[in-house]
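See structure below.
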There are 2 protein chains.
Amino acid sequence: MSIADVARHAGVSPSTVSYVLSGKRSISEDTRRRVQESIRVLGYRPHAGARALASSRSNTLALVVPLRSDVHVPVAMRFAVSVVTGARDHDHDVLLLTQAEGADGLRRVAGSSMVDAIIVMDVEIDDARIPVLRELGLPAVLIGVPADTDGLACVDLDFTEAGRLCVQHLAGLGHGRLAFVGEPPAVYERRTGFAERTLAGFREAARELGVPEPAVLPCEPTRAAAERAAADLLRDHPGTTGLVVQNEAAAEPLVAALRAAGRSVPGDLSVVAIGADDVAAAVAPALSSVGLPVEELAERAVELAVRGLDDGTPAGVTLLAPTLVDRSSTAPPPRRA
Amino acid sequence: MSIADVARHAGVSPSTVSYVLSGKRSISEDTRRRVQESIRVLGYRPHAGARALASSRSNTLALVVPLRSDVHVPVAMRFAVSVVTGARDHDHDVLLLTQAEGADGLRRVAGSSMVDAIIVMDVEIDDARIPVLRELGLPAVLIGVPADTDGLACVDLDFTEAGRLCVQHLAGLGHGRLAFVGEPPAVYERRTGFAERTLAGFREAARELGVPEPAVLPCEPTRAAAERAAADLLRDHPGTTGLVVQNEAAAEPLVAALRAAGRSVPGDLSVVAIGADDVAAAVAPALSSVGLPVEELAERAVELAVRGLDDGTPAGVTLLAPTLVDRSSTAPPPRRA
DNA sequence: ATGAAAGCGCTAACAT
DNA sequence: ATGTTAGCGCTTTCAT
């Protein structure tokens, strides 16, 4: 079953079939219909390898997914699925690479022309794969923002602004003592962009608004760690009335622990989450939160990757504006007795 | 950069380079070394598409991952990562498909020769993709076991035996009243193989050992649902002393709720989990459990897929024997007062 | 043990 | 608006 069979069946030349398929030149309405009918009848599918060979386009994107245990897996999975879905909308497929393959994996799939572009998740500020990505000569899109973005396309939520937004929201309600429960220590140690930038925005805004230097408590993604963080918070920073949580796994147990300790949310303590909306909404009470627009980020990444194929990599950083959804976990602080 | 450049550089013919790479005919030690050196120096990578075209082998596997919200995501992700890792060990790459593409996606990637074999996760007893898989003429490996396995390779944990094993363990400790907290109702409604078979084994073994028909409580993967299940269990089946939980997300909150209700585990109630070992071990107290060997299942699946390329699909069901690891959540039942 | 050369199925320049 | 044809880079007979 090849393009020649279709051509014969439709009474046209192979190139005409090719052009009907690609739309790269105008075809008479009549011919187009005949060809499409032949394709349907014969059940013809172009051979991907032959296509890639002739056109130097594989119509395949590489997606590098993180393995780290400190990355929230459901969110990573949603990214991956959204990237696949977005890629299909642009007639592309997705080759799955794990972080474990590292730079060699990138060289391999690029060097053998398996993929047209590369999308990388979980980018660190000083990521070792970045120089490699530059050498490759393929469009590369990072979900995340490293220190040096030269020649690369980056997509992310504006986490700096997200951090600020949380402070503004809480300060606007009258909170004067804030704290931040964050990602696991390892995330900060390897300088993951989003975590570092969130904290920066959070601290800046606090400073600007005259809020005293807030406590920052990194937290492992376990219930036990969240309970410990709650205990630490209440013991070491008892005056805190406004809390920002950037840790999908810890949000629910943290709030539960606070309530178990007799603090009402939002009566005594207001809590704002940063992360996937459904996670925040599922907590009791539903948490006011700055949402992580996973689907939109993934779609943008795919679009940049695919667009880069024709226009060259459209380098530059795309930051999506964060929005805070007000749910039932924030209120003015309790009146001092 | 093509095979011709390497051949010229090494002073041999292109076919010799090809044979050095594939090992499909003997090459003098001297020639081999020269060619490999040239490959290294030039940084040559064979063009995947050209290879696929000439050899009708893409060295790529398709992996269909589930999207369903009732599938435990971290486990699905571990499967995916393990499949990629296993595939790389066999010099294959992995193309990621989502369930959303359905049968058409399978036809597409098979028809265009993008992949040599297909691995499908989250298989239902009567899965609509199975007839398609048979038509395709590619090796197909299911992680899971449908009703009709004719012509297909299936890999799974022996969940029937896993269910029996739990009963035997509990009955062996002296428990005479058992209950089962399972996956969400939807999982049973769509007749997911593993869930149905576990329950069958569980009930059979109970019958054989003279244990009265145990209560079965399906459970959504949320804390609230787990707490409800705990309450229902204590209210409606107060005599229960042995509990089997097959629900990664519910295990921890369920046990927590039981303890919060004043039941000690394993003092009053023994609990056995079925699922990923690390999840079970992370609960307080660490749960005795029948582990789900994710990595091994994935590796087997890959191996069957790759082996099928040369030998034809080695149809048949591979069931891994379950083992129960005794941790601190099971003990003899309390003596009747 | 090695080389020469015929495809694999498609795309895209070059025709008309 | 359509046809002809030369590759794309590799594998694999067929020779020697």
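A note on labels: chains of the structure tokens are A, B, ... as shown, every chain counts residues from 1, and ligands are counted from 1 in their shown order.
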Closest atom pairs, chain C residues within 7 Å of chain A, only C-alpha atoms (C1' of nucleotides), as a Markdown table:
```
| residue | atom | partner | partner_atom | distance |
| --- | --- | --- | --- | --- |
| C:DG9 | C1' | A:Ala50 | CA | 5.1 |
| C:DC10 | C1' | A:Ala50 | CA | 5.0 |
| C:DT11 | C1' | A:Ala54 | CA | 5.3 |
```
Within 6 Å of chain B, which residues belong to chain D? Use only C-alpha atoms (C1' of nucleotides) and report them as a PyMOL selection string.
chain D and resi 9-11
Dump N, CA and C atoms (P, O5', C5', C4', C3', O3' and C1' of nucleotides) for the selected residues as a compact mmCIF listing (two decimals), in the first residue's frame?
```txt
# COMPACT_ATOMS: atom_id res chain seq x y z
P DG D 9 20.45 12.83 3.20
O5' DG D 9 20.47 11.36 3.82
C5' DG D 9 19.62 11.08 4.93
C4' DG D 9 19.63 9.59 5.18
C3' DG D 9 21.02 8.97 5.30
O3' DG D 9 21.00 8.14 6.44
C1' DG D 9 19.75 7.77 3.75
P DC D 10 22.24 7.32 6.90
O5' DC D 10 21.73 5.83 6.73
C5' DC D 10 20.65 5.40 7.53
C4' DC D 10 19.89 4.29 6.84
C3' DC D 10 20.60 2.95 6.85
O3' DC D 10 20.07 2.19 7.95
C1' DC D 10 19.53 3.42 4.74
P DT D 11 20.76 0.80 8.29
O5' DT D 11 20.07 -0.18 7.25
C5' DT D 11 18.68 -0.46 7.40
C4' DT D 11 18.26 -1.46 6.37
C3' DT D 11 18.88 -2.84 6.52
O3' DT D 11 17.84 -3.77 6.24
C1' DT D 11 19.30 -2.03 4.34
```
Nearest residue to Cys154 (chain B) from the set B:Pro184, B:Pro238, B:Gly193, B:Gly43 (distances using only C-alpha atoms):
B:Gly193
In region 71-309 of chain B, DSSP alpha helix (DSSP H) residues written as a VMD selection string
chain B and resid 73 to 89 102 to 111 129 to 136 159 to 173 185 to 189 193 to 208 223 to 236 248 to 260 277 to 282 294 to 309
Within 8 Å of chain A, which residues of chain B come that close, and what is the closest atom pair and distance in Å for each? Count only C-alpha atoms and give it as a tab-separated table.
```
residue	atom	partner	partner_atom	distance
B:Tyr44	CA	A:Gly111	CA	8.0
B:Arg45	CA	A:Ser112	CA	5.3
B:Pro46	CA	A:Ser112	CA	5.5
B:His47	CA	A:Ser112	CA	4.5
B:Ala48	CA	A:Ser112	CA	5.3
B:Gly49	CA	A:Gly49	CA	3.9
B:Ala50	CA	A:Leu53	CA	5.6
B:Arg51	CA	A:Gly49	CA	7.7
B:Ala52	CA	A:Gly49	CA	5.5
B:Leu53	CA	A:Gly49	CA	5.3
B:Ser58	CA	A:Gly49	CA	7.8
B:Leu67	CA	A:Val81	CA	7.9
B:Val73	CA	A:Pro74	CA	5.7
B:Pro74	CA	A:Val73	CA	5.7
B:Met77	CA	A:Met77	CA	6.9
B:Val81	CA	A:Thr98	CA	6.8
B:Val84	CA	A:Leu97	CA	7.1
B:Thr85	CA	A:Thr98	CA	7.8
B:Asp93	CA	A:Leu95	CA	7.3
B:Val94	CA	A:Leu96	CA	5.7
B:Leu95	CA	A:Leu95	CA	4.4
B:Leu96	CA	A:Val94	CA	5.6
B:Leu97	CA	A:Val84	CA	7.1
B:Thr98	CA	A:Val81	CA	6.8
B:Arg108	CA	A:Arg45	CA	7.4
B:Gly111	CA	A:Arg45	CA	5.6
B:Ser112	CA	A:His47	CA	4.5
B:Ser113	CA	A:His47	CA	5.9
B:Met114	CA	A:Ala48	CA	5.9
```
Selection export as a compact mmCIF listing (two decimals), in the first residue's frame, atoms kept: C-alpha atoms:
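As a result, again_36.txt now contains:
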```txt
# COMPACT_ATOMS: atom_id res chain seq x y z
CA TYR B 44 27.40 10.11 12.87
CA ARG B 45 23.81 9.11 13.73
CA PRO B 46 21.77 6.98 11.38
CA HIS B 47 18.63 8.67 10.13
CA ALA B 48 15.73 6.96 11.84
CA GLY B 49 13.32 7.51 8.99
CA ALA B 50 15.67 6.15 6.36
CA ARG B 51 16.26 3.16 8.52
CA ALA B 52 12.58 2.56 9.03
CA LEU B 53 11.98 2.89 5.32
CA SER B 58 11.01 1.80 13.37
CA LEU B 67 -6.52 9.14 31.26
CA VAL B 73 -1.83 8.46 38.47
CA PRO B 74 1.50 7.88 40.21
CA MET B 77 3.36 7.21 35.57
CA VAL B 81 8.60 5.52 32.88
CA VAL B 84 10.50 3.81 28.44
CA THR B 85 13.45 2.60 30.45
CA ASP B 93 11.95 4.43 21.74
CA VAL B 94 8.44 5.02 22.95
CA LEU B 95 5.68 6.94 21.27
CA LEU B 96 3.11 8.16 23.72
CA LEU B 97 -0.57 7.75 22.93
CA THR B 98 -3.45 8.66 25.14
CA ARG B 108 -2.78 5.50 12.63
CA GLY B 111 -0.69 2.01 9.50
CA SER B 112 2.01 4.57 9.00
CA SER B 113 4.65 2.21 10.35
CA MET B 114 5.58 4.55 13.13
```
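For DA4 (chain C), the non-local neighbours within 12 Å, defined as residues at least 4 positions apart in the same chain or in other chains and counting only C-alpha atoms (C1' of nucleotides), are B:Ser13, B:Pro14, B:Ser15, B:Thr16, D:DT12, D:DT13, D:DC14, D:DA15, D:DT16.
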Store the residues picked out above in a file with all heavy atoms, as a tab-separated table (two decimals), in the first residue's frame.
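After the write, part.tsv holds the following:
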```
chain	number	residue	atom	x	y	z
B	13	SER	N	32.87	0.55	2.09
B	13	SER	CA	31.62	0.83	1.39
B	13	SER	C	30.51	1.10	2.40
B	13	SER	O	30.59	0.69	3.56
B	13	SER	CB	31.22	-0.37	0.54
B	13	SER	OG	30.73	-1.39	1.38
B	14	PRO	N	29.46	1.78	1.97
B	14	PRO	CA	28.34	2.05	2.86
B	14	PRO	C	27.77	0.79	3.49
B	14	PRO	O	27.42	0.78	4.67
B	14	PRO	CB	27.31	2.70	1.94
B	14	PRO	CG	28.10	3.32	0.85
B	14	PRO	CD	29.30	2.43	0.65
B	15	SER	N	27.72	-0.26	2.72
B	15	SER	CA	27.12	-1.47	3.30
B	15	SER	C	27.95	-1.97	4.46
B	15	SER	O	27.43	-2.47	5.45
B	15	SER	CB	26.95	-2.54	2.22
B	15	SER	OG	28.20	-2.88	1.68
B	16	THR	N	29.25	-1.84	4.36
B	16	THR	CA	30.09	-2.28	5.46
B	16	THR	C	29.78	-1.50	6.73
B	16	THR	O	29.68	-2.06	7.82
B	16	THR	CB	31.58	-2.13	5.09
B	16	THR	OG1	31.84	-2.97	3.97
B	16	THR	CG2	32.47	-2.50	6.24
D	12	DT	P	17.96	-5.30	6.69
D	12	DT	OP1	16.66	-5.70	7.22
D	12	DT	OP2	19.18	-5.43	7.49
D	12	DT	O5'	18.18	-6.03	5.29
D	12	DT	C5'	17.36	-5.66	4.20
D	12	DT	C4'	17.90	-6.24	2.93
D	12	DT	O4'	18.83	-5.32	2.32
D	12	DT	C3'	18.67	-7.56	3.11
D	12	DT	O3'	18.32	-8.40	2.03
D	12	DT	C2'	20.12	-7.13	3.02
D	12	DT	C1'	20.00	-6.03	1.95
D	12	DT	N1	21.13	-5.07	1.92
D	12	DT	C2	21.45	-4.47	0.72
D	12	DT	O2	20.85	-4.69	-0.31
D	12	DT	N3	22.50	-3.59	0.78
D	12	DT	C4	23.25	-3.28	1.91
D	12	DT	O4	24.18	-2.47	1.84
D	12	DT	C5	22.86	-3.93	3.12
D	12	DT	C7	23.60	-3.67	4.39
D	12	DT	C6	21.83	-4.80	3.07
D	13	DT	P	18.04	-9.92	2.28
D	13	DT	OP1	16.70	-10.18	1.76
D	13	DT	OP2	18.42	-10.22	3.67
D	13	DT	O5'	19.08	-10.67	1.32
D	13	DT	C5'	18.57	-11.31	0.19
D	13	DT	C4'	18.69	-10.42	-1.06
D	13	DT	O4'	19.43	-9.24	-0.76
D	13	DT	C3'	19.44	-11.16	-2.16
D	13	DT	O3'	18.60	-11.35	-3.28
D	13	DT	C2'	20.66	-10.30	-2.47
D	13	DT	C1'	20.32	-8.96	-1.81
D	13	DT	N1	21.52	-8.30	-1.23
D	13	DT	C2	22.24	-7.44	-2.01
D	13	DT	O2	21.95	-7.21	-3.17
D	13	DT	N3	23.32	-6.86	-1.37
D	13	DT	C4	23.74	-7.03	-0.07
D	13	DT	O4	24.71	-6.45	0.37
D	13	DT	C5	22.94	-7.94	0.70
D	13	DT	C7	23.29	-8.21	2.13
D	13	DT	C6	21.88	-8.53	0.11
D	14	DC	P	18.84	-12.61	-4.22
D	14	DC	OP1	17.70	-12.70	-5.18
D	14	DC	OP2	19.22	-13.76	-3.38
D	14	DC	O5'	20.14	-12.14	-5.03
D	14	DC	C5'	20.12	-10.91	-5.75
D	14	DC	C4'	21.52	-10.57	-6.21
D	14	DC	O4'	22.25	-9.92	-5.14
D	14	DC	C3'	22.36	-11.78	-6.65
D	14	DC	O3'	22.91	-11.49	-7.92
D	14	DC	C2'	23.42	-11.88	-5.57
D	14	DC	C1'	23.57	-10.42	-5.14
D	14	DC	N1	24.14	-10.23	-3.78
D	14	DC	C2	25.08	-9.22	-3.57
D	14	DC	O2	25.43	-8.50	-4.53
D	14	DC	N3	25.61	-9.06	-2.33
D	14	DC	C4	25.21	-9.85	-1.32
D	14	DC	N4	25.74	-9.64	-0.13
D	14	DC	C5	24.25	-10.88	-1.52
D	14	DC	C6	23.74	-11.05	-2.75
D	15	DA	P	23.48	-12.68	-8.86
D	15	DA	OP1	22.75	-12.66	-10.13
D	15	DA	OP2	23.57	-13.93	-8.07
D	15	DA	O5'	24.97	-12.19	-9.11
D	15	DA	C5'	25.76	-11.94	-7.98
D	15	DA	C4'	26.84	-10.95	-8.29
D	15	DA	O4'	27.07	-10.18	-7.10
D	15	DA	C3'	28.15	-11.67	-8.63
D	15	DA	O3'	28.93	-10.95	-9.56
D	15	DA	C2'	28.84	-11.76	-7.29
D	15	DA	C1'	28.30	-10.56	-6.51
D	15	DA	N9	28.05	-10.96	-5.12
D	15	DA	C8	27.14	-11.89	-4.66
D	15	DA	N7	27.19	-12.07	-3.36
D	15	DA	C5	28.20	-11.20	-2.94
D	15	DA	C6	28.75	-10.92	-1.68
D	15	DA	N6	28.33	-11.51	-0.57
D	15	DA	N1	29.74	-10.01	-1.62
D	15	DA	C2	30.16	-9.42	-2.76
D	15	DA	N3	29.72	-9.60	-3.99
D	15	DA	C4	28.74	-10.51	-4.02
D	16	DT	P	30.09	-11.79	-10.27
D	16	DT	OP1	30.45	-11.05	-11.50
D	16	DT	OP2	29.70	-13.21	-10.31
D	16	DT	O5'	31.29	-11.64	-9.24
D	16	DT	C5'	31.90	-10.37	-9.03
D	16	DT	C4'	32.85	-10.48	-7.88
D	16	DT	O4'	32.12	-10.78	-6.67
D	16	DT	C3'	33.89	-11.59	-8.04
D	16	DT	O3'	35.19	-11.02	-8.16
D	16	DT	C2'	33.79	-12.42	-6.76
D	16	DT	C1'	33.02	-11.48	-5.82
D	16	DT	N1	32.26	-12.17	-4.75
D	16	DT	C2	32.56	-11.88	-3.45
D	16	DT	O2	33.41	-11.09	-3.11
D	16	DT	N3	31.83	-12.59	-2.52
D	16	DT	C4	30.85	-13.53	-2.79
D	16	DT	O4	30.26	-14.12	-1.88
D	16	DT	C5	30.59	-13.80	-4.19
D	16	DT	C7	29.57	-14.82	-4.59
D	16	DT	C6	31.30	-13.11	-5.11
```
Neighbours of Ala226 (chain A) within 7 Å (only C-alpha atoms (C1' of nucleotides); same-chain residues fewer than 6 positions away dropped), as a PyMOL selection string?
chain A and resi 219+250+253-254
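When CA of Glu183 (chain A) is paired with CA of Asp277 (chain B), their separation reads 24.3 Å.
Shell of DT5 (chain D) at 10 Å, with only C-alpha atoms (C1' of nucleotides) counted and residues fewer than 5 places along the chain excluded, is DA13, DC14 and DA15 of chain C.
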Kindly give the distance, in Å, that separates CA of Phe180 (chain B) and CA of Leu243 (chain B), rounded to a single decimal.
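Atom-to-atom, CA of Phe180 (chain B) to CA of Leu243 (chain B), that is 5.8 Å.
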Give the answer as one residue: which of B:Ala103, B:Ala195, B:Ile130, B:Leu142 has the shortest atom-to-atom distance to Ala301 (chain B), using only C-alpha atoms?
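Looking at the shortest contact to Ala301 (chain B), the residue is B:Leu142.
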Distance in Å - CA of Val83 (chain A) versus CA of Ala273 (chain A):
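CA of Val83 (chain A) sits 24.6 Å away from CA of Ala273 (chain A).
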Considering only C-alpha atoms (C1' of nucleotides), return as a list in words whatever protein or nucleic-acid residues lie within 12 Å of Glu161 (chain A), sequence-local ones (same chain, fewer than 2 positions apart) excluded.
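Listed by chain and then number, they are Asp156, Leu157, Asp158, Phe159, Gly163, Arg164, Leu165, Cys166, Val167, Gln168, His169, Phe194, Arg197, Thr198, Leu199, Ala200, Gly201, Phe202, Arg203, Glu204, Ala205, Ile274, Val290, Leu319, Leu320, Ala321, Pro322, Thr323 and Leu324 of chain A.
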What are the DSSP strand (DSSP E) residues of region 39-245 of chain B, as a PyMOL selection string?
chain B and resi 60-65+93-98+117-120+140-143+153-157+178-181+215-217+242-245
Those residues with N, CA and C atoms, as a compact mmCIF listing (two decimals), in the first residue's frame please?
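Once written, part_33.txt looks like this:
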```
# COMPACT_ATOMS: atom_id res chain seq x y z
N THR B 60 10.54 1.58 17.42
CA THR B 60 9.73 2.40 18.31
C THR B 60 8.51 1.59 18.75
N LEU B 61 8.19 1.73 20.02
CA LEU B 61 7.01 1.09 20.59
C LEU B 61 5.97 2.15 20.89
N ALA B 62 4.71 1.80 20.70
CA ALA B 62 3.65 2.72 21.13
C ALA B 62 3.21 2.33 22.53
N LEU B 63 2.99 3.32 23.35
CA LEU B 63 2.46 3.05 24.69
C LEU B 63 1.18 3.85 24.87
N VAL B 64 0.12 3.14 25.14
CA VAL B 64 -1.16 3.82 25.36
C VAL B 64 -1.40 3.96 26.85
N VAL B 65 -1.42 5.19 27.33
CA VAL B 65 -1.62 5.41 28.77
C VAL B 65 -3.06 5.83 29.04
N ASP B 93 12.54 3.23 21.17
CA ASP B 93 11.95 4.43 21.74
C ASP B 93 10.47 4.22 21.95
N VAL B 94 9.86 5.17 22.61
CA VAL B 94 8.44 5.02 22.95
C VAL B 94 7.63 6.22 22.49
N LEU B 95 6.61 5.92 21.72
CA LEU B 95 5.68 6.94 21.27
C LEU B 95 4.49 6.93 22.21
N LEU B 96 4.15 8.09 22.70
CA LEU B 96 3.11 8.16 23.72
C LEU B 96 1.74 8.43 23.11
N LEU B 97 0.81 7.53 23.38
CA LEU B 97 -0.57 7.75 22.93
C LEU B 97 -1.47 7.84 24.15
N THR B 98 -2.49 8.65 24.05
CA THR B 98 -3.45 8.66 25.14
C THR B 98 -4.65 7.84 24.74
N ALA B 117 5.43 -2.20 17.60
CA ALA B 117 4.61 -2.96 18.53
C ALA B 117 3.86 -1.99 19.42
N ILE B 118 2.84 -2.50 20.08
CA ILE B 118 1.99 -1.63 20.89
C ILE B 118 1.82 -2.21 22.28
N ILE B 119 1.96 -1.37 23.25
CA ILE B 119 1.72 -1.77 24.64
C ILE B 119 0.53 -0.97 25.17
N VAL B 120 -0.43 -1.65 25.71
CA VAL B 120 -1.64 -0.98 26.18
C VAL B 120 -1.82 -1.19 27.68
N ALA B 140 1.21 -6.99 19.97
CA ALA B 140 0.51 -6.16 20.94
C ALA B 140 0.65 -6.81 22.30
N VAL B 141 0.96 -6.00 23.29
CA VAL B 141 1.06 -6.52 24.64
C VAL B 141 0.14 -5.72 25.54
N LEU B 142 -0.69 -6.42 26.24
CA LEU B 142 -1.59 -5.76 27.17
C LEU B 142 -1.03 -5.86 28.58
N ILE B 143 -1.05 -4.77 29.29
CA ILE B 143 -0.77 -4.86 30.72
C ILE B 143 -2.14 -4.96 31.37
N ALA B 153 -0.68 -10.96 23.65
CA ALA B 153 0.18 -11.21 24.79
C ALA B 153 -0.30 -10.34 25.94
N CYS B 154 -0.45 -10.93 27.09
CA CYS B 154 -0.92 -10.20 28.26
C CYS B 154 0.04 -10.41 29.42
N VAL B 155 0.25 -9.36 30.16
CA VAL B 155 1.11 -9.44 31.34
C VAL B 155 0.35 -8.83 32.50
N ASP B 156 0.37 -9.50 33.62
CA ASP B 156 -0.28 -8.89 34.76
C ASP B 156 0.16 -9.60 36.03
N LEU B 157 -0.13 -8.96 37.12
CA LEU B 157 -0.01 -9.65 38.38
C LEU B 157 -1.17 -10.64 38.45
N LEU B 178 -14.35 -10.76 57.40
CA LEU B 178 -13.51 -9.94 56.53
C LEU B 178 -14.34 -8.92 55.76
N ALA B 179 -13.64 -7.88 55.28
CA ALA B 179 -14.28 -6.90 54.38
C ALA B 179 -13.26 -6.44 53.36
N PHE B 180 -13.76 -5.85 52.30
CA PHE B 180 -12.89 -5.45 51.19
C PHE B 180 -13.25 -4.01 50.79
N VAL B 181 -12.26 -3.14 50.85
CA VAL B 181 -12.47 -1.78 50.35
C VAL B 181 -11.76 -1.68 49.01
N ALA B 215 -18.15 -8.23 53.28
CA ALA B 215 -18.67 -6.96 52.74
C ALA B 215 -17.68 -6.40 51.74
N VAL B 216 -18.19 -5.80 50.68
CA VAL B 216 -17.32 -5.16 49.68
C VAL B 216 -17.75 -3.71 49.52
N LEU B 217 -16.81 -2.81 49.75
CA LEU B 217 -17.12 -1.38 49.66
C LEU B 217 -16.24 -0.72 48.62
N GLY B 242 -10.84 -8.24 59.82
CA GLY B 242 -9.81 -8.29 58.78
C GLY B 242 -10.25 -7.52 57.56
N LEU B 243 -9.38 -6.62 57.09
CA LEU B 243 -9.76 -5.71 56.01
C LEU B 243 -8.73 -5.78 54.89
N VAL B 244 -9.22 -5.89 53.67
CA VAL B 244 -8.33 -5.83 52.51
C VAL B 244 -8.63 -4.55 51.74
N VAL B 245 -7.60 -3.80 51.40
CA VAL B 245 -7.80 -2.54 50.70
C VAL B 245 -7.08 -2.57 49.37
```
